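Structure record follows, encoded as structure tokens.
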Amino acid sequence: MTIFHGFNTTASALTAQRLRMDVVSANMANAESTRARLVNGEWEPYRRKMVVMEPNQKAFSSYLNKAMNHLNDPGQGVKVTRIIEDRTPFKLVYQPNHPDANQEGYVSLPNVDPLREMVDLLSATRSYEANVTTLNATKNMLMKALEIGR
Amino acid sequence: MNLFSGATLHALEQGLNGAALKQRTISQNIANVDTPNYKAKKVVFQHALDEAMEGKAFQAYKRDNRHIDFSNSNSRGPYVTSQKGTMYNHNQNNVDIDMEMAELAKNQIYYNALIERLNGRFNSLQTAIKGGR
């Protein structure tokens, strides 16, 4: 439990937010991909991906502190537990000439909504910036602590 | 007389400890600003510091000098509590990012002020050691 602990907490958040941005990029890049996965010999379009985050409390020290009733442990930051797929139905668009169109002439396109992705991207960017500010604040405090007795 | 055992130095030290813990807690809250079901954490130490300095700590009522004092070694230090019961976002998260950023700025200034005071103390000592030269 040192002050460097604050850096690790913020670093974990920076990693998580960057991963969120990467997932948004992947979703946007595949907004029109109709052949993402082969299911029973049929092509299925790309499914929108989402990250699942949870507070990182799996470290041994957090259990030890809880067991010993030390109440001065704020936690070890955040982590992405997994990336899940959005199960909402695909968009159906009438395009009879498309190679993946069904008998009625409809193509199922990925369930990616560019608007929602942009909002997600904005949210991730802002969170990232907030964490950078925190990192700088912690760093300045450490530098200031080095001036004790100077 | 001991050089470093003054009440001021001790209080400043406790203040720095509390501010460092608060910094870690704010980092944790900002790190989890998008985490579903996360509840914001808060450091309680200002009141503990005030109590310690005014001698208002929770005292045991003793009618006999063989009675034992409450052990308040734990209650004096800063500790972290979780704020349950409120909800700030739709995902059960209750981190108020504006408040956290304001607390961050406040904590930084507080920490710097403590360091300045500590340096002032040490400079006075140094002046005394050098005999005013």
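Just remember, in the structure tokens the first chain shown is A, the second B, etc., residues are 1-based per chain, and ligands are 1-based in the order shown.
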Interface list for chain B, partner chain A, 10 Å threshold, only C-alpha atoms, as a PyMOL selection string: chain B and resi 16-44+74+77-82+97-98+100-101+104-105+107-109+111-112+114-123+126
CA of Ile84 (chain A) to CA of Arg20 (chain A), distance in Å rounded to a single decimal: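 Rounded to one decimal, the two atoms are 11.9 Å apart.
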Polymer residues at most 12 Å from Asp22 (chain A), only C-alpha atoms, same-chain spacing of 6 or more positions, as JSON, numbers by chain: {"A": [15, 16, 28, 29, 49, 50, 51, 83, 117, 120, 121, 124, 125]}
Preceding selection exported with C-alpha atoms as a PDB file, in the first residue's frame:
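To be explicit, this is the file written out as part.pdb:
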ATOM      1  CA  THR A  15      -6.216   0.372 -20.048  1.00  0.00           C
ATOM      2  CA  ALA A  16      -9.917  -0.352 -19.649  1.00  0.00           C
ATOM      3  CA  MET A  28     -17.566   0.879 -36.435  1.00  0.00           C
ATOM      4  CA  ALA A  29     -15.149  -0.872 -38.802  1.00  0.00           C
ATOM      5  CA  LYS A  49     -19.405  -6.098 -29.057  1.00  0.00           C
ATOM      6  CA  MET A  50     -19.499  -4.549 -25.586  1.00  0.00           C
ATOM      7  CA  VAL A  51     -17.031  -4.558 -22.701  1.00  0.00           C
ATOM      8  CA  ILE A  83     -16.177  -8.701 -24.078  1.00  0.00           C
ATOM      9  CA  GLU A 117     -21.004   3.890 -30.980  1.00  0.00           C
ATOM     10  CA  ASP A 120     -19.808   5.362 -26.371  1.00  0.00           C
ATOM     11  CA  LEU A 121     -16.589   6.663 -27.905  1.00  0.00           C
ATOM     12  CA  ALA A 124     -14.702   6.545 -23.153  1.00  0.00           C
ATOM     13  CA  THR A 125     -12.649   9.565 -24.255  1.00  0.00           C
TER      14      THR A 125
END
